[in-house]
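Working notes for the structure below.
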Amino acid sequence: MHPMNDEARLHESLGLTDEEAADIERILGREPNHLELAMYAVMWSEHCSYKSSRVHLRRLPTEAEWVLVGPGENAGVVDVGDGIAAAIRIESHNHPSAIEPYQGAATGVGGILRDIFTMGARPIAVMDPLRFGSLDDSRSCWIAEGVVSGISGYGNSVGVPTVGGETVFDETYAENPLVNVLCLGLLPADRLVLGRATGEGNLAVLLGSTTGRDGIGGVSVLASAGFSDEEADAQKRPSVQVGDPFEEKRLIEACLELLDRGLVVGIQDLGGAGLSCATSETASRGGMGMDVDVAAVPLREPGMEPFEVMTSESQERMLAIVDPAAGQRVLEVCEKWEVRATVVGRVTAGGRLRVLGPEGQVLADVPASSLHDAAPLYERPMSPPKGFDEVSRSLAGPPQPSVAEPADDLRAMLADTAWISSQYDHQLFLNTVEGPGGDAAVLRLKHPVSGVDTGRALALTTDGNHRWCAVDPRGGAALTVAESMLNLATVGARPLAVVNCLNFGNPEHPEVMWQLSEAIDGMADSCRSLGIPVIGGNVSFYNESRGADIDPTPVIGMLGMIDRLVRRPPGVGLVDGGCLVLIGVTQAELSGSLWSRQRGHRTGCLPGLDLVHHTEVCNAVRKLVVGGLVEGVHDISAGGLGLALAEMAVRSGIGFSVARVADHAELFSESPSRAVACIRPEVLAIVERVLSESGVPFSRIGVGTGDVLSVRGLLELPLAVAVASWRDRLPAVLGAGNAQR
């Protein structure tokens, strides 16, 4: 819909409420014109302003002595020693990917890369936690194929490895996929640059691609409503951006050289809300104003209106703040990398953002800070779902489903995501020690300029569990943080920082706002107790289709440090004759588990989480891994002990014989603070001594051997059958060209 069609209700057509329109009039002391209203509409959108979530996000712990930059900038930054800083960010591109899966996912990768190198960091790794509808839904499979192709097509071409992520198929995401993308980058700690416009008279230089009509109002339009039908979706296609990874690669190199040579004062990527965002945010953060010459912006389409130029979300663009004395050198660097550079404005005193026309006429004149941080803060109504008891943290519902055949249940859980990860180049830069398929990715830590290997490594994991959060979002979010920490421990890493991508339904629904608030409290409590700062994140609302909200899905990205990398982590596998040791204690509770969901059960009470005990378990597991005492190790989470053992078996081609599992509840429980390790008999006594001295319970449960997955009295599943189920599930649907729109 063209935003100028309805003069009387223009603000409403742009997604602004009557109250918000009145607020804008009060700020300006007059009625806004069309251009100004369009700029406020995109900047005050849910995606850009976080107007429904900011009051809750303030409860997250964000500080630690190693945190250099916390929430509010383009990416969080932590000091990792040796004069090196790490920048990390996670974002969502859910709605664009539902409309145009390839371009939606591709430009999600492009956007997250720019968030990283705008801080002065070279992107070194991408992770892609993805969620789609069920595999028996043809449209969901079509979306999945397109999203994976978009991520691989962009990431491989731009030259940044995709080193991991997780892929979930569940009916709650039908027609509303979650495409979350995390990026990690490294920079010299003294090269950190913030997105601020300072220095009256400094130039605003637009770098990169030309500006077109693709992506006009993209994230603000698409992320502020759910989906209704295919005809409506088709009308939204022009709002999906189109990416060019080769332009992005040149832009990365040009920007990093400009930063290396100290030629820019500040720099900001053009993502959501385009020039409206980049100009107002840099000016506001610097306490300055800016004059923008809309006629100077290089266009790829004729006849673009000023509101289109200022709100376009065309990709591969950056805004650099440059001292005029350095202007010529900036142009020379950009010419070297074949990157377009155009002066489009100047920094001014007084705090006003003015958009000027071809002959210098003032087309818009607003306080820069009013676009950046004056959006209304909403404390929307909240209420728990019917049947939820806040004292017991339980959700009433029918009793647990009856037990079927555990072997069949286990087979239904097995799915190898290699069909997806095989399309990604995860060895670019040759830093990847542990790539897709393990509990966490591991990357050698090298100095980003000299390339000197520090002998240490960084670890990355992304985790989320909508099933837990559907039962109890506070408990589910806390369990997700705990799972991430244990994933890092299985590769020998200690946690440094968290970023989050909070994917929720319609914030105008009180139950959704309750879910968000509860999830943030669970995350805040666990991160505070574990001493892990939250240094950035993203909130994605309006994830709904045909009137149904998705299950609450907070995704945690956690960065960790391996203080001394002397060997590759043991990985998820077994050795023949290896002793299987269960570390931790099982709570025989199935609520929120994959087993329960597959049998239609969505209620109950989650297993308890003791964060002190969890820390002891993580420390013990990390000590075993760093000491080279385990041959294989896997955290126990989705699918419980049964799926953890099965994944170790199918990955290594070795079966197992397990005796000490009482029933299906112990087999499929997803209670926290547990891992299963494969230990060579000759070091078993040492391992048990380490665990005993750590105060961590453990038990010998079996041995890795043979060609059968055997749990005494519960299941007998031939290894070959398990491998076929694991290996063939995704290729049978996604790789055979069977996915129909």
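In the structure tokens, chains take the letters A, B, ... in the order shown, each chain's residues start at 1, and ligands count up from 1 in the order shown.
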Give me, as a ChimeraX atom specification, the residues of range 461-692 of chain A that a backbone DSSP run labels helix (DSSP H, G or I).
/A:466-471,473-489,510-530,594-598,611-626,640-652,664-668,681-692
Proximity of range 527-572 of chain A to range 603-626 of chain A: per-residue shortest pair, 10 Å limit, only C-alpha atoms, as CSV:
```
residue,atom,partner,partner_atom,distance
A:Cys527,CA,A:Leu611,CA,9.7
A:Ser529,CA,A:Leu611,CA,7.0
A:Leu530,CA,A:Leu611,CA,7.1
A:Ile562,CA,A:Val626,CA,8.6
A:Asp563,CA,A:Val626,CA,9.3
A:Arg564,CA,A:Val626,CA,8.2
A:Leu565,CA,A:Val626,CA,8.3
A:Val566,CA,A:Val626,CA,8.3
A:Arg567,CA,A:Val626,CA,8.4
A:Arg568,CA,A:Val625,CA,9.6
A:Pro569,CA,A:Val625,CA,6.9
A:Pro570,CA,A:Val625,CA,7.2
A:Gly571,CA,A:Val625,CA,9.8
```
Quick one: everything within 12 Å of Thr17 in chain A, counting only C-alpha atoms, minus sequence neighbours fewer than 6 positions away in the same chain. Send it as a ChimeraX atom specification.
/A:9-11,23-24,37,40-41,44-45,375-376
If you keep C-alpha atoms, can you produce a file of those selected residues as a short mmCIF file (atom, residue, chain, number, x, y, z; two decimals), in the first residue's frame?
```cif
data_model
loop_
_atom_site.label_atom_id
_atom_site.label_comp_id
_atom_site.auth_asym_id
_atom_site.auth_seq_id
_atom_site.Cartn_x
_atom_site.Cartn_y
_atom_site.Cartn_z
CA ARG A 9 -5.35 8.72 7.92
CA LEU A 10 -1.78 8.83 6.69
CA HIS A 11 -0.27 8.08 10.09
CA ASP A 23 3.14 12.83 20.35
CA ILE A 24 4.93 13.72 17.10
CA LEU A 37 5.78 11.23 9.29
CA TYR A 40 8.88 8.67 12.48
CA ALA A 41 6.84 5.68 11.34
CA TRP A 44 9.08 4.31 16.00
CA SER A 45 8.18 0.89 14.64
CA ALA A 375 9.42 6.60 20.84
CA PRO A 376 6.77 5.87 23.44
#
```
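With distances restricted to only C-alpha atoms, A:Gly536 is the closest residue to Gly76 in chain A from A:Gly387, A:Pro554, A:Gly536, A:Gly274.
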From range 148-393 of chain A, collect each residue whose DSSP state is strand (DSSP E) and return the set as a PyMOL selection string.
chain A and resi 162-164+167-169+178-188+203-208+266-269+289-293+317-322+341-348+352-356+362-367+388-389
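Computed from the coordinates, the CA of Pro697 in chain A to CA of Pro672 in chain A distance equals 13.2 Å.
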Do a neighbour search on Ala278 in chain A at 9 Å with only C-alpha atoms, toss out local chain neighbours closer than 5 positions, and write the hits as a PyMOL selection string.
chain A and resi 195+267-273+283+318-319
Next, write the just-selected residues to a file, as a PDB file, in the first residue's frame, keeping all heavy atoms as the atom set.
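Wrote it out as out.pdb, contents follow:
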```
ATOM      1  N   GLY A 195      29.147   4.151  16.549  1.00  0.00           N
ATOM      2  CA  GLY A 195      28.311   4.812  15.547  1.00  0.00           C
ATOM      3  C   GLY A 195      27.854   6.176  16.020  1.00  0.00           C
ATOM      4  O   GLY A 195      26.671   6.366  16.323  1.00  0.00           O
ATOM      5  N   ILE A 267      31.040   5.400  12.382  1.00  0.00           N
ATOM      6  CA  ILE A 267      30.509   4.668  11.233  1.00  0.00           C
ATOM      7  C   ILE A 267      29.277   3.886  11.669  1.00  0.00           C
ATOM      8  O   ILE A 267      29.183   3.432  12.818  1.00  0.00           O
ATOM      9  CB  ILE A 267      31.589   3.736  10.622  1.00  0.00           C
ATOM     10  CG1 ILE A 267      31.151   3.227   9.244  1.00  0.00           C
ATOM     11  CG2 ILE A 267      31.946   2.609  11.570  1.00  0.00           C
ATOM     12  CD1 ILE A 267      32.283   2.612   8.441  1.00  0.00           C
ATOM     13  N   GLN A 268      28.305   3.764  10.763  1.00  0.00           N
ATOM     14  CA  GLN A 268      27.038   3.112  11.083  1.00  0.00           C
ATOM     15  C   GLN A 268      26.530   2.397   9.843  1.00  0.00           C
ATOM     16  O   GLN A 268      26.589   2.940   8.734  1.00  0.00           O
ATOM     17  CB  GLN A 268      26.011   4.158  11.526  1.00  0.00           C
ATOM     18  CG  GLN A 268      24.600   3.670  11.693  1.00  0.00           C
ATOM     19  CD  GLN A 268      24.375   2.988  13.030  1.00  0.00           C
ATOM     20  OE1 GLN A 268      25.138   3.218  13.972  1.00  0.00           O
ATOM     21  NE2 GLN A 268      23.362   2.165  13.128  1.00  0.00           N
ATOM     22  N   ASP A 269      26.034   1.170  10.041  1.00  0.00           N
ATOM     23  CA  ASP A 269      25.463   0.467   8.897  1.00  0.00           C
ATOM     24  C   ASP A 269      24.047   0.961   8.641  1.00  0.00           C
ATOM     25  O   ASP A 269      23.396   1.519   9.524  1.00  0.00           O
ATOM     26  CB  ASP A 269      25.460  -1.039   9.140  1.00  0.00           C
ATOM     27  CG  ASP A 269      24.359  -1.468  10.093  1.00  0.00           C
ATOM     28  OD1 ASP A 269      24.392  -1.014  11.248  1.00  0.00           O
ATOM     29  OD2 ASP A 269      23.477  -2.247   9.683  1.00  0.00           O
ATOM     30  N   LEU A 270      23.578   0.761   7.429  1.00  0.00           N
ATOM     31  CA  LEU A 270      22.202   1.098   7.068  1.00  0.00           C
ATOM     32  C   LEU A 270      21.392  -0.190   7.024  1.00  0.00           C
ATOM     33  O   LEU A 270      21.478  -0.959   6.075  1.00  0.00           O
ATOM     34  CB  LEU A 270      22.135   1.815   5.715  1.00  0.00           C
ATOM     35  CG  LEU A 270      22.323   3.341   5.780  1.00  0.00           C
ATOM     36  CD1 LEU A 270      23.787   3.688   6.038  1.00  0.00           C
ATOM     37  CD2 LEU A 270      21.831   4.007   4.522  1.00  0.00           C
ATOM     38  N   GLY A 271      20.655  -0.430   8.092  1.00  0.00           N
ATOM     39  CA  GLY A 271      19.801  -1.602   8.163  1.00  0.00           C
ATOM     40  C   GLY A 271      18.355  -1.183   8.179  1.00  0.00           C
ATOM     41  O   GLY A 271      17.880  -0.479   7.293  1.00  0.00           O
ATOM     42  N   GLY A 272      17.634  -1.580   9.241  1.00  0.00           N
ATOM     43  CA  GLY A 272      16.242  -1.191   9.392  1.00  0.00           C
ATOM     44  C   GLY A 272      16.087   0.320   9.389  1.00  0.00           C
ATOM     45  O   GLY A 272      16.817   1.035  10.052  1.00  0.00           O
ATOM     46  N   ALA A 273      15.128   0.830   8.615  1.00  0.00           N
ATOM     47  CA  ALA A 273      14.814   2.257   8.468  1.00  0.00           C
ATOM     48  C   ALA A 273      15.853   3.025   7.677  1.00  0.00           C
ATOM     49  O   ALA A 273      15.744   4.251   7.540  1.00  0.00           O
ATOM     50  CB  ALA A 273      14.583   2.920   9.827  1.00  0.00           C
ATOM     51  N   ALA A 283      23.769  10.993  14.795  1.00  0.00           N
ATOM     52  CA  ALA A 283      23.695  12.369  15.295  1.00  0.00           C
ATOM     53  C   ALA A 283      23.282  12.390  16.763  1.00  0.00           C
ATOM     54  O   ALA A 283      23.885  13.091  17.591  1.00  0.00           O
ATOM     55  CB  ALA A 283      22.713  13.173  14.453  1.00  0.00           C
ATOM     56  N   MET A 318      26.772   1.799   4.081  1.00  0.00           N
ATOM     57  CA  MET A 318      27.277   2.278   5.368  1.00  0.00           C
ATOM     58  C   MET A 318      27.329   3.801   5.335  1.00  0.00           C
ATOM     59  O   MET A 318      27.492   4.409   4.269  1.00  0.00           O
ATOM     60  CB  MET A 318      28.689   1.736   5.650  1.00  0.00           C
ATOM     61  CG  MET A 318      28.819   0.225   5.630  1.00  0.00           C
ATOM     62  SD  MET A 318      28.189  -0.576   7.107  1.00  0.00           S
ATOM     63  CE  MET A 318      29.500  -0.209   8.258  1.00  0.00           C
ATOM     64  N   LEU A 319      27.220   4.403   6.508  1.00  0.00           N
ATOM     65  CA  LEU A 319      27.356   5.851   6.636  1.00  0.00           C
ATOM     66  C   LEU A 319      28.578   6.132   7.500  1.00  0.00           C
ATOM     67  O   LEU A 319      28.625   5.730   8.666  1.00  0.00           O
ATOM     68  CB  LEU A 319      26.112   6.475   7.275  1.00  0.00           C
ATOM     69  CG  LEU A 319      26.096   8.008   7.300  1.00  0.00           C
ATOM     70  CD1 LEU A 319      25.879   8.563   5.887  1.00  0.00           C
ATOM     71  CD2 LEU A 319      25.006   8.521   8.239  1.00  0.00           C
TER      72      LEU A 319
END
```
Which is closer to Ile636 in chain A than all the others in A:Val585, A:Val661, A:Ala295, A:Ala649, using only C-alpha atoms?
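Selected residue with least distance to Ile636 in chain A: A:Val585.
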